[in-house]
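Participant: model32.cif is the file, holding mmCIF, C-alpha atoms:
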```cif
data_work
loop_
_atom_site.label_atom_id
_atom_site.label_comp_id
_atom_site.auth_asym_id
_atom_site.auth_seq_id
_atom_site.Cartn_x
_atom_site.Cartn_y
_atom_site.Cartn_z
CA MET A 1 -50.70 -6.09 29.48
CA THR A 2 -47.63 -8.08 28.53
CA VAL A 3 -49.61 -9.77 25.75
CA ILE A 4 -50.57 -6.38 24.31
CA LEU A 5 -46.96 -5.19 24.55
CA PHE A 6 -45.74 -8.39 22.91
CA CYS A 7 -48.19 -7.94 20.03
CA PHE A 8 -47.11 -4.29 19.74
CA ASP A 9 -43.45 -5.33 19.56
CA ILE A 10 -44.14 -7.92 16.87
CA LEU A 11 -46.17 -5.37 14.89
CA LEU A 12 -43.41 -2.77 15.30
CA ALA A 13 -40.69 -5.16 14.16
CA ALA A 14 -42.75 -6.31 11.17
CA THR A 15 -43.50 -2.70 10.19
CA LEU A 16 -39.82 -1.79 10.45
CA LEU A 17 -38.83 -4.68 8.21
CA TRP A 18 -41.58 -3.80 5.72
CA LEU A 19 -40.53 -0.13 5.68
CA ALA A 20 -36.89 -1.11 5.20
CA TRP A 21 -37.81 -3.33 2.26
CA GLN A 22 -40.02 -0.62 0.76
CA LEU A 23 -37.34 2.04 1.02
CA LEU A 24 -34.63 -0.19 -0.42
CA SER A 25 -36.75 -1.43 -3.33
CA SER A 26 -38.28 1.92 -4.20
CA THR A 27 -37.13 3.32 -7.52
CA ASP A 28 -38.44 6.80 -6.71
CA ILE A 29 -35.84 8.46 -4.49
CA PHE A 30 -38.35 10.93 -3.00
CA ARG A 31 -40.53 8.03 -1.91
CA ALA A 32 -37.51 6.25 -0.47
CA ILE A 33 -36.61 9.32 1.60
CA ILE A 34 -40.13 9.54 3.02
CA PHE A 35 -39.92 5.84 3.92
CA PHE A 36 -36.55 6.52 5.54
CA ILE A 37 -38.05 9.26 7.74
CA CYS A 38 -40.92 6.95 8.75
CA PHE A 39 -38.38 4.22 9.47
CA GLY A 40 -36.41 6.58 11.73
CA LEU A 41 -39.50 7.61 13.69
CA LEU A 42 -40.64 4.01 14.22
CA MET A 43 -37.07 2.99 15.06
CA SER A 44 -37.01 5.57 17.85
CA ILE A 45 -40.16 3.94 19.28
CA ALA A 46 -38.32 0.62 19.07
CA TRP A 47 -35.42 2.13 21.05
CA VAL A 48 -37.90 3.30 23.70
CA ARG A 49 -39.25 -0.26 23.88
CA MET A 50 -35.68 -1.46 24.45
CA HIS A 51 -35.38 0.98 27.38
CA ALA A 52 -32.83 3.22 25.66
CA PRO A 53 -34.40 6.71 25.80
CA ASP A 54 -31.08 8.42 24.99
CA VAL A 55 -30.70 6.50 21.75
CA ALA A 56 -34.40 7.04 20.99
CA LEU A 57 -33.99 10.81 21.31
CA ALA A 58 -30.90 10.82 19.11
CA GLU A 59 -32.62 8.60 16.55
CA ALA A 60 -35.72 10.82 16.39
CA ALA A 61 -33.74 14.07 16.26
CA ILE A 62 -30.84 13.05 14.02
CA GLY A 63 -32.00 9.90 12.25
CA ALA A 64 -35.47 11.05 11.27
CA GLY A 65 -35.53 14.79 11.88
CA LEU A 66 -32.25 15.85 10.34
CA THR A 67 -31.03 13.14 7.97
CA GLY A 68 -34.36 13.12 6.13
CA PRO A 69 -34.29 16.85 5.29
CA LEU A 70 -30.58 16.47 4.50
CA PHE A 71 -31.47 13.78 1.91
CA LEU A 72 -34.28 15.96 0.56
CA ALA A 73 -31.91 18.91 0.17
CA ALA A 74 -29.36 16.69 -1.59
CA LEU A 75 -32.07 15.34 -3.90
CA HIS A 76 -33.17 18.89 -4.67
CA ARG A 77 -29.62 19.87 -5.60
CA ILE A 78 -29.12 16.76 -7.72
CA GLU A 79 -32.36 17.32 -9.62
CA ARG A 80 -31.57 21.00 -10.16
CA GLY A 81 -28.08 20.21 -11.41
CA TYR A 82 -29.50 17.50 -13.68
CA LYS A 83 -32.06 19.90 -15.15
CA LYS A 84 -29.47 22.61 -15.67
CA GLU A 85 -27.27 20.11 -17.44
CA ARG A 86 -29.81 18.61 -19.75
CA ARG A 87 -31.84 21.76 -20.43
CA LEU A 88 -34.90 19.63 -20.98
CA ASP A 89 -38.38 20.96 -20.66
CA GLN A 90 -39.90 17.63 -19.81
CA ASP A 91 -42.41 17.41 -17.05
CA GLU A 92 -41.13 16.02 -13.82
CA GLU A 93 -41.51 12.30 -13.71
CA ARG A 94 -42.68 12.39 -10.15
CA GLY A 95 -46.43 12.95 -10.09
CA MET B 1 -43.98 -4.96 -9.63
CA ASN B 2 -40.72 -4.58 -7.75
CA ASP B 3 -40.85 -8.24 -6.86
CA ASN B 4 -41.21 -9.14 -10.56
CA LEU B 5 -38.21 -6.98 -11.36
CA LEU B 6 -36.18 -8.64 -8.66
CA SER B 7 -37.11 -12.19 -9.57
CA ARG B 8 -36.29 -11.53 -13.21
CA LYS B 9 -32.89 -10.20 -12.21
CA ILE B 10 -32.22 -13.25 -10.05
CA LYS B 11 -32.95 -15.55 -12.96
CA ALA B 12 -30.81 -13.48 -15.28
CA ASP B 13 -27.83 -13.01 -13.02
CA PRO B 14 -26.20 -16.00 -11.25
CA LEU B 15 -23.84 -13.65 -9.40
CA LEU B 16 -26.77 -11.88 -7.74
CA SER B 17 -28.31 -15.15 -6.59
CA ALA B 18 -24.95 -16.24 -5.19
CA VAL B 19 -24.70 -12.95 -3.28
CA LEU B 20 -28.28 -13.36 -1.99
CA LEU B 21 -27.43 -16.89 -0.84
CA LEU B 22 -24.36 -15.58 0.96
CA ILE B 23 -26.43 -12.84 2.63
CA ALA B 24 -29.01 -15.42 3.71
CA CYS B 25 -26.25 -17.61 5.20
CA LEU B 26 -24.70 -14.66 7.03
CA GLY B 27 -28.15 -13.59 8.28
CA GLY B 28 -28.82 -17.08 9.57
CA LEU B 29 -25.43 -17.13 11.29
CA LEU B 30 -26.17 -13.76 12.88
CA ILE B 31 -29.56 -14.89 14.19
CA TRP B 32 -28.01 -18.10 15.55
CA THR B 33 -25.22 -16.12 17.28
CA VAL B 34 -27.64 -13.66 18.86
CA TRP B 35 -29.74 -16.61 20.02
CA ARG B 36 -26.68 -18.18 21.68
CA ILE B 37 -25.64 -15.04 23.64
CA PRO B 38 -25.55 -16.01 27.34
CA ARG B 39 -27.82 -14.19 29.78
CA PRO B 40 -27.43 -12.12 31.86
CA LEU B 41 -25.34 -10.15 29.40
CA PRO B 42 -21.78 -9.50 30.48
CA GLY B 43 -20.92 -5.82 30.42
CA LEU B 44 -19.60 -2.81 32.24
CA GLY B 45 -23.03 -1.51 33.29
CA GLU B 46 -22.57 -2.34 36.96
CA GLU B 47 -19.07 -0.94 36.95
CA ALA B 48 -20.42 2.35 35.61
CA ALA B 49 -23.25 2.38 38.17
CA VAL B 50 -20.77 1.86 41.04
CA HIS B 51 -18.63 4.83 39.97
CA LEU B 52 -21.57 7.06 39.04
CA ALA B 53 -20.99 9.31 42.06
CA GLU B 54 -17.51 10.23 40.81
CA SER B 55 -18.75 11.28 37.38
CA GLY B 56 -20.51 14.47 38.48
CA VAL B 57 -23.82 13.60 36.77
CA ASP B 58 -26.77 11.39 37.66
CA ASN B 59 -27.46 9.97 34.22
CA PRO B 60 -25.29 6.87 33.64
CA VAL B 61 -25.38 7.34 29.86
CA THR B 62 -24.01 10.89 30.11
CA ALA B 63 -21.47 9.72 32.69
CA VAL B 64 -20.14 7.07 30.31
CA LEU B 65 -20.27 9.29 27.22
CA LEU B 66 -18.53 12.33 28.66
CA ASN B 67 -16.54 11.14 31.64
CA PHE B 68 -15.69 7.43 31.62
CA ARG B 69 -15.37 7.16 27.85
CA GLY B 70 -14.92 10.85 27.04
CA TYR B 71 -12.25 10.02 24.49
CA ASP B 72 -14.79 8.45 22.12
CA THR B 73 -17.11 11.42 22.37
CA LEU B 74 -14.22 13.82 21.75
CA LEU B 75 -13.39 11.93 18.57
CA GLU B 76 -17.06 11.85 17.53
CA VAL B 77 -17.34 15.62 17.86
CA THR B 78 -14.14 15.98 15.85
CA VAL B 79 -15.54 13.71 13.14
CA LEU B 80 -18.59 15.99 12.85
CA LEU B 81 -16.27 18.99 12.43
CA LEU B 82 -14.20 17.07 9.88
CA ALA B 83 -17.33 16.32 7.84
CA ALA B 84 -18.23 20.03 7.87
CA ILE B 85 -14.72 20.93 6.67
CA THR B 86 -15.02 18.33 3.90
CA ILE B 87 -18.40 19.68 2.76
CA TRP B 88 -17.00 23.22 2.75
CA SER B 89 -14.03 22.20 0.68
CA ILE B 90 -16.18 20.41 -1.93
CA THR B 91 -18.68 23.08 -2.87
CA HIS B 92 -20.35 26.41 -2.17
CA ALA B 93 -23.68 26.73 -0.47
CA PRO B 94 -26.35 27.54 -3.05
CA PHE B 95 -27.19 30.83 -1.38
CA PRO B 96 -29.08 33.05 -1.63
CA PRO B 97 -31.60 30.31 -2.36
CA ARG B 98 -34.42 30.93 -4.77
CA MET B 99 -37.40 30.51 -2.51
CA PRO B 100 -39.71 33.43 -3.20
CA ASP B 101 -42.82 31.57 -2.12
CA THR B 102 -42.35 31.75 1.64
CA SER B 103 -45.83 32.60 2.84
CA PRO B 104 -46.39 35.13 5.62
CA VAL B 105 -48.01 32.36 7.64
CA GLN B 106 -44.82 30.32 7.45
CA ALA B 107 -42.70 33.33 8.35
CA GLY B 108 -44.90 34.09 11.36
CA ALA B 109 -44.92 30.48 12.49
CA VAL B 110 -41.14 30.33 12.23
CA ARG B 111 -40.82 33.46 14.34
CA LEU B 112 -42.89 31.80 17.05
CA LEU B 113 -41.34 28.35 16.73
CA VAL B 114 -37.63 29.16 16.66
CA PRO B 115 -37.36 30.55 20.23
CA LEU B 116 -39.38 27.59 21.47
CA ILE B 117 -37.13 25.10 19.66
CA CYS B 118 -34.00 26.82 21.00
CA LEU B 119 -35.44 26.65 24.51
CA THR B 120 -36.21 22.94 24.06
CA GLY B 121 -32.72 22.24 22.73
CA GLY B 122 -31.11 24.09 25.62
CA TYR B 123 -33.30 22.21 28.07
CA PHE B 124 -32.29 18.87 26.56
CA ILE B 125 -28.62 19.78 26.96
CA TRP B 126 -29.26 20.71 30.59
CA GLN B 127 -31.39 17.63 31.17
CA GLY B 128 -28.55 15.39 30.00
CA SER B 129 -27.01 15.48 33.46
CA TYR B 130 -29.86 13.58 35.11
CA LEU B 131 -32.20 12.22 32.40
CA ALA B 132 -32.09 11.18 28.76
CA GLY B 133 -30.62 14.01 26.75
CA GLY B 134 -27.31 15.69 26.18
CA ALA B 135 -25.20 17.49 23.65
CA PHE B 136 -26.12 15.41 20.60
CA GLN B 137 -29.87 15.47 21.18
CA GLY B 138 -29.94 19.14 22.21
CA GLY B 139 -27.61 20.08 19.36
CA ALA B 140 -29.81 18.29 16.83
CA ILE B 141 -32.85 20.16 18.12
CA LEU B 142 -30.97 23.47 17.92
CA SER B 143 -29.97 22.66 14.36
CA SER B 144 -33.60 22.03 13.46
CA ALA B 145 -34.31 25.66 14.41
CA LEU B 146 -31.43 26.83 12.21
CA VAL B 147 -32.59 24.63 9.31
CA LEU B 148 -36.14 25.96 9.72
CA LEU B 149 -34.76 29.49 9.40
CA LEU B 150 -32.76 28.51 6.31
CA ILE B 151 -35.74 27.06 4.45
CA SER B 152 -37.94 30.00 5.42
CA ASP B 153 -35.78 32.67 3.80
CA PHE B 154 -34.24 33.95 7.01
CA LEU B 155 -30.73 33.94 5.62
CA TRP B 156 -28.72 33.85 8.81
CA LEU B 157 -25.95 31.77 7.29
CA PRO B 158 -25.06 34.05 4.34
CA ARG B 159 -25.31 37.11 6.58
CA MET B 160 -23.09 35.71 9.28
CA HIS B 161 -19.49 36.83 9.47
CA SER B 162 -17.00 34.13 8.68
CA LEU B 163 -15.11 34.33 11.97
CA PRO B 164 -18.04 33.80 14.40
CA LEU B 165 -19.36 30.99 12.20
CA ARG B 166 -16.00 29.21 12.24
CA LEU B 167 -15.61 29.84 15.96
CA GLY B 168 -19.06 28.37 16.54
CA LEU B 169 -18.19 25.27 14.53
CA VAL B 170 -14.98 24.58 16.48
CA LEU B 171 -16.23 25.73 19.90
CA GLY B 172 -17.27 22.24 21.06
CA PRO B 173 -14.09 20.38 20.09
CA LEU B 174 -11.94 23.27 21.41
CA VAL B 175 -13.61 23.37 24.83
CA PHE B 176 -13.56 19.57 25.02
CA MET B 177 -9.86 19.42 24.17
CA ALA B 178 -9.06 22.28 26.57
CA ALA B 179 -10.84 20.39 29.36
CA ALA B 180 -9.01 17.19 28.38
CA VAL B 181 -5.63 18.91 28.47
CA TRP B 182 -6.51 20.61 31.76
CA GLY B 183 -7.30 17.19 33.20
CA MET B 184 -3.95 15.94 31.98
CA LEU B 185 -2.04 18.84 33.54
CA ALA B 186 -3.94 18.99 36.83
CA GLN B 187 -4.88 15.35 37.38
CA GLY B 188 -2.15 13.56 35.49
CA SER B 189 -4.34 11.84 32.93
CA LEU B 190 -6.13 12.95 29.78
CA LEU B 191 -9.84 13.73 30.28
CA GLN B 192 -9.72 13.06 34.00
CA PHE B 193 -11.87 15.44 36.03
CA PRO B 194 -11.87 15.81 39.83
CA PRO B 195 -15.15 14.31 41.14
CA GLU B 196 -16.24 17.49 42.93
CA GLN B 197 -15.90 19.70 39.82
CA ALA B 198 -16.80 17.10 37.22
CA GLY B 199 -20.44 18.20 37.02
CA ALA B 200 -19.50 21.76 36.06
CA PHE B 201 -16.92 20.50 33.55
CA LEU B 202 -19.39 18.16 31.89
CA LEU B 203 -22.06 20.87 31.68
CA LEU B 204 -19.55 23.27 30.11
CA ILE B 205 -18.46 20.64 27.57
CA GLU B 206 -22.04 19.65 26.80
CA THR B 207 -23.13 23.24 26.24
CA ALA B 208 -20.20 24.04 23.95
CA CYS B 209 -20.63 20.77 22.05
CA GLY B 210 -24.40 21.30 21.77
CA ILE B 211 -23.91 24.72 20.16
CA SER B 212 -21.25 23.38 17.82
CA ILE B 213 -23.28 20.31 16.86
CA GLY B 214 -26.31 22.50 16.13
CA LEU B 215 -24.28 24.81 13.90
CA THR B 216 -22.46 21.90 12.23
CA LEU B 217 -25.63 19.98 11.34
CA ALA B 218 -27.20 23.17 9.97
CA ALA B 219 -24.02 23.76 7.96
CA TYR B 220 -24.43 20.26 6.48
CA PHE B 221 -27.94 21.22 5.46
CA ALA B 222 -26.73 24.45 3.84
CA GLY B 223 -24.60 22.12 1.77
CA GLY B 224 -21.34 24.00 1.32
CA ARG B 225 -19.16 26.90 2.21
CA PRO B 226 -21.17 30.13 2.43
CA LEU B 227 -20.16 32.66 -0.22
CA THR B 228 -19.49 35.29 2.43
CA ASP B 229 -16.68 33.11 3.66
CA LEU B 230 -14.71 34.21 0.61
CA ARG B 231 -15.90 37.82 0.47
CA GLU B 232 -15.13 38.37 4.14
CA GLU B 233 -18.14 40.63 4.38
CA PRO B 234 -21.74 39.73 5.14
CA TYR B 235 -23.95 39.29 2.13
CA SER B 236 -26.39 42.12 1.50
CA ALA B 237 -29.06 42.02 -1.14
CA ASP B 238 -28.42 45.47 -2.57
CA ARG B 239 -24.75 44.85 -3.31
CA GLY B 240 -25.57 42.50 -6.13
CA GLU B 241 -23.59 39.56 -7.36
CA ASP B 242 -20.41 41.25 -8.53
CA GLY B 243 -17.22 39.77 -7.29
CA PRO B 244 -15.20 40.22 -4.14
CA ASP B 245 -14.06 43.63 -3.01
CA GLY B 246 -11.12 44.46 -5.16
CA ASP B 247 -10.54 48.08 -4.17
#
```
Show me the file's structure as structure tokens.
Facilitator:
Amino acid sequence: MTVILFCFDILLAATLLWLAWQLLSSTDIFRAIIFFICFGLLMSIAWVRMHAPDVALAEAAIGAGLTGPLFLAALHRIERGYKKERRLDQDEERG
Amino acid sequence: MNDNLLSRKIKADPLLSAVLLLIACLGGLLIWTVWRIPRPLPGLGEEAAVHLAESGVDNPVTAVLLNFRGYDTLLEVTVLLLAAITIWSITHAPFPPRMPDTSPVQAGAVRLLVPLICLTGGYFIWQGSYLAGGAFQGGAILSSALVLLLISDFLWLPRMHSLPLRLGLVLGPLVFMAAAVWGMLAQGSLLQFPPEQAGAFLLLIETACGISIGLTLAAYFAGGRPLTDLREEPYSADRGEDGPDGD
């Protein structure tokens, strides 16, 4: 059992590091936000593994659940303001 | 491809490589320091556990957050309020939003989900006294219900009167400060609660803070001061966009 948990912890830590690198190196902000939300959800599992359920709840609710949509809303406003400013009819770069 | 970009930049920019070297050194130092931390960890955990009975709650985390170190939490709640004030002073909320494509399925699902989410949030606030939970977690869950309403064209924020909205935002800090001052007057020290009434005090503070945190986080999402805050009258669709009441 402890071996399985140890492997799970290693996998979790590696995934967190990979997600962090992906979100920091991503040039597409939308993609980065999605990575951020995934990071928050996995981080809350990590908090549970460290026996901190209070922090895990706060991380899941605020870190992933609320900050992600907050970023998305900010991105939406930035893109809208940008479009209004430039008045360009180009297709959105994001596919 | 990102790696190629990065490596090219490193070759081109000696400053960046110096910074990366510095970060690597600091990271190594951090790992070494964490490795050297003596075990068992020194801390105030046992101290908190010994005095748990005086705190009025059974969850040590809540006891520390609201009773033993209530000052920090009071300041945290105030910081949240300060952020909301800052957002309001920067810009207006882009309401009414242009979201005509809310499907009836979404509207129906929201109608079913919102009461359930509110119930869950309230339960988390209540649960904070003996299990993991509390004002921040419950408040965040409450705010998710409010955000869900906002993105589903239920425009509660623009239709809300300015005064109840502002009262809701400051309710938590106000109740917390009132309790703190009461403790100072009755017990002789700021934020000191008598052990036999502490449970009721903490529940009152948590409930008020939970409501305020929910409203505050949803106000962040709305992204600015609601237009009705200037008009002093709730927004109604048929009144159109012409300016404030000048008659």
Participant: Can you list, as a PyMOL selection string, every protein, DNA or RNA residue that comes within 8 Å of Leu217 (chain B) when you count all atoms listed in the file, leaving out same-chain residues fewer than 4 positions away?
Facilitator: (chain A and resi 66) or (chain B and resi 140+143+213+221)
Participant: When the PyMOL selection byres ((chain A and resi 75) around 12) is applied to the structure above, which residues does it catch, written out as a ChimeraX atom specification?
Facilitator: /A:28-33,68-74,76-82 /B:221,223
Participant: Which residues of chain A are close to chain B, meaning at most 6 Å apart when you count all atoms listed in the file, and how do they look as a PyMOL selection string?
Facilitator: chain A and resi 53-54+58+61+70
Participant: Please write the residues picked by the PyMOL selection byres ((chain A and resi 47) around 12) on this file as JSON, numbers by chain.
Facilitator: {"A": [9, 12, 13, 40, 41, 42, 43, 44, 45, 46, 48, 49, 50, 51, 52, 53, 54, 55, 56, 57, 58, 59, 60]}
Participant: Identify which of the residues B:Gly214, B:Gly172, B:Pro164, B:Gly56 lies closest to Pro194 (chain B), counting all atoms listed in the file when measuring atom-to-atom distances.
Facilitator: B:Gly56
Participant: Using all atoms listed in the file, which residue out of B:Asn59, B:Ile31, B:Arg69, B:Gly168 lies closest to Leu44 (chain B)?
Facilitator: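 That would be B:Arg69, the residue with the smallest distance to Leu44 (chain B).
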Participant: Which residues, written as a compact mmCIF listing (two decimals) with C-alpha atoms, in the coordinates of the input, have at least one atom at most 7 Å from Val57 (chain B), with only C-alpha atoms counted and residues fewer than 4 positions away on the same chain left out?
Facilitator:
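The result, stored in around.txt:
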```txt
# COMPACT_ATOMS: atom_id res chain seq x y z
CA ALA B 63 -21.47 9.72 32.69
CA SER B 129 -27.01 15.48 33.46
CA TYR B 130 -29.86 13.58 35.11
CA GLY B 199 -20.44 18.20 37.02
```
Participant: Taking only C-alpha atoms into account, name the residue in B:Ile85, B:Leu112, B:Leu150, B:Val64 that is nearest to His51 (chain B).
Facilitator: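 Counting only C-alpha atoms, the residue closest to His51 (chain B) is B:Val64.
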Participant: Closest to Val105 (chain B) among B:Thr216, B:Phe176, B:Tyr71, B:Ser152, using only C-alpha atoms?
Facilitator: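 The shortest atom-to-atom distance to Val105 (chain B) comes from B:Ser152.
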Participant: Evaluating the PyMOL selection byres ((chain A and resi 19) around 8) on the displayed file yields which residues, as a PyMOL selection string?
Facilitator: chain A and resi 15-18+20-23+35-36+38-39
Participant: Fix up region 43-59 of chain B with N, CA, C and O atoms, then write it as a short mmCIF file (atom, residue, chain, number, x, y, z; two decimals), in the coordinates of the input.
Facilitator:
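Below is the file that was written, result.cif:
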```cif
data_model
loop_
_atom_site.label_atom_id
_atom_site.label_comp_id
_atom_site.auth_asym_id
_atom_site.auth_seq_id
_atom_site.Cartn_x
_atom_site.Cartn_y
_atom_site.Cartn_z
N GLY B 43 -21.10 -7.20 30.83
CA GLY B 43 -20.92 -5.82 30.42
C GLY B 43 -20.35 -4.99 31.54
O GLY B 43 -20.05 -5.50 32.63
N LEU B 44 -20.18 -3.70 31.26
CA LEU B 44 -19.60 -2.81 32.24
C LEU B 44 -20.66 -1.94 32.90
O LEU B 44 -20.34 -0.92 33.51
N GLY B 45 -21.94 -2.31 32.74
CA GLY B 45 -23.03 -1.51 33.29
C GLY B 45 -22.92 -1.33 34.79
O GLY B 45 -23.06 -0.22 35.31
N GLU B 46 -22.64 -2.44 35.50
CA GLU B 46 -22.57 -2.34 36.96
C GLU B 46 -21.38 -1.52 37.39
O GLU B 46 -21.45 -0.74 38.32
N GLU B 47 -20.28 -1.71 36.66
CA GLU B 47 -19.07 -0.94 36.95
C GLU B 47 -19.36 0.56 36.86
O GLU B 47 -18.97 1.35 37.74
N ALA B 48 -20.07 0.94 35.80
CA ALA B 48 -20.42 2.35 35.61
C ALA B 48 -21.34 2.82 36.72
O ALA B 48 -21.18 3.93 37.24
N ALA B 49 -22.30 1.98 37.12
CA ALA B 49 -23.25 2.38 38.17
C ALA B 49 -22.53 2.58 39.51
O ALA B 49 -22.86 3.49 40.27
N VAL B 50 -21.50 1.75 39.78
CA VAL B 50 -20.77 1.86 41.04
C VAL B 50 -20.04 3.19 41.11
O VAL B 50 -20.01 3.85 42.15
N HIS B 51 -19.45 3.61 39.97
CA HIS B 51 -18.63 4.83 39.97
C HIS B 51 -19.41 6.07 39.56
O HIS B 51 -18.81 7.10 39.29
N LEU B 52 -20.75 5.94 39.52
CA LEU B 52 -21.57 7.06 39.04
C LEU B 52 -21.35 8.32 39.87
O LEU B 52 -21.33 9.43 39.35
N ALA B 53 -21.14 8.15 41.18
CA ALA B 53 -20.99 9.31 42.06
C ALA B 53 -19.77 10.15 41.70
O ALA B 53 -19.75 11.36 41.90
N GLU B 54 -18.73 9.50 41.14
CA GLU B 54 -17.51 10.23 40.81
C GLU B 54 -17.63 11.00 39.50
O GLU B 54 -16.78 11.83 39.19
N SER B 55 -18.69 10.72 38.72
CA SER B 55 -18.75 11.28 37.38
C SER B 55 -19.27 12.71 37.38
O SER B 55 -19.05 13.45 36.43
N GLY B 56 -19.99 13.12 38.44
CA GLY B 56 -20.51 14.47 38.48
C GLY B 56 -21.90 14.62 37.89
O GLY B 56 -22.47 15.69 37.94
N VAL B 57 -22.45 13.55 37.30
CA VAL B 57 -23.82 13.60 36.77
C VAL B 57 -24.59 12.40 37.28
O VAL B 57 -24.01 11.43 37.78
N ASP B 58 -25.93 12.47 37.16
CA ASP B 58 -26.77 11.39 37.66
C ASP B 58 -27.23 10.43 36.57
O ASP B 58 -27.81 9.39 36.86
N ASN B 59 -27.03 10.83 35.31
CA ASN B 59 -27.46 9.97 34.22
C ASN B 59 -26.30 9.08 33.79
O ASN B 59 -25.27 9.57 33.34
#
```
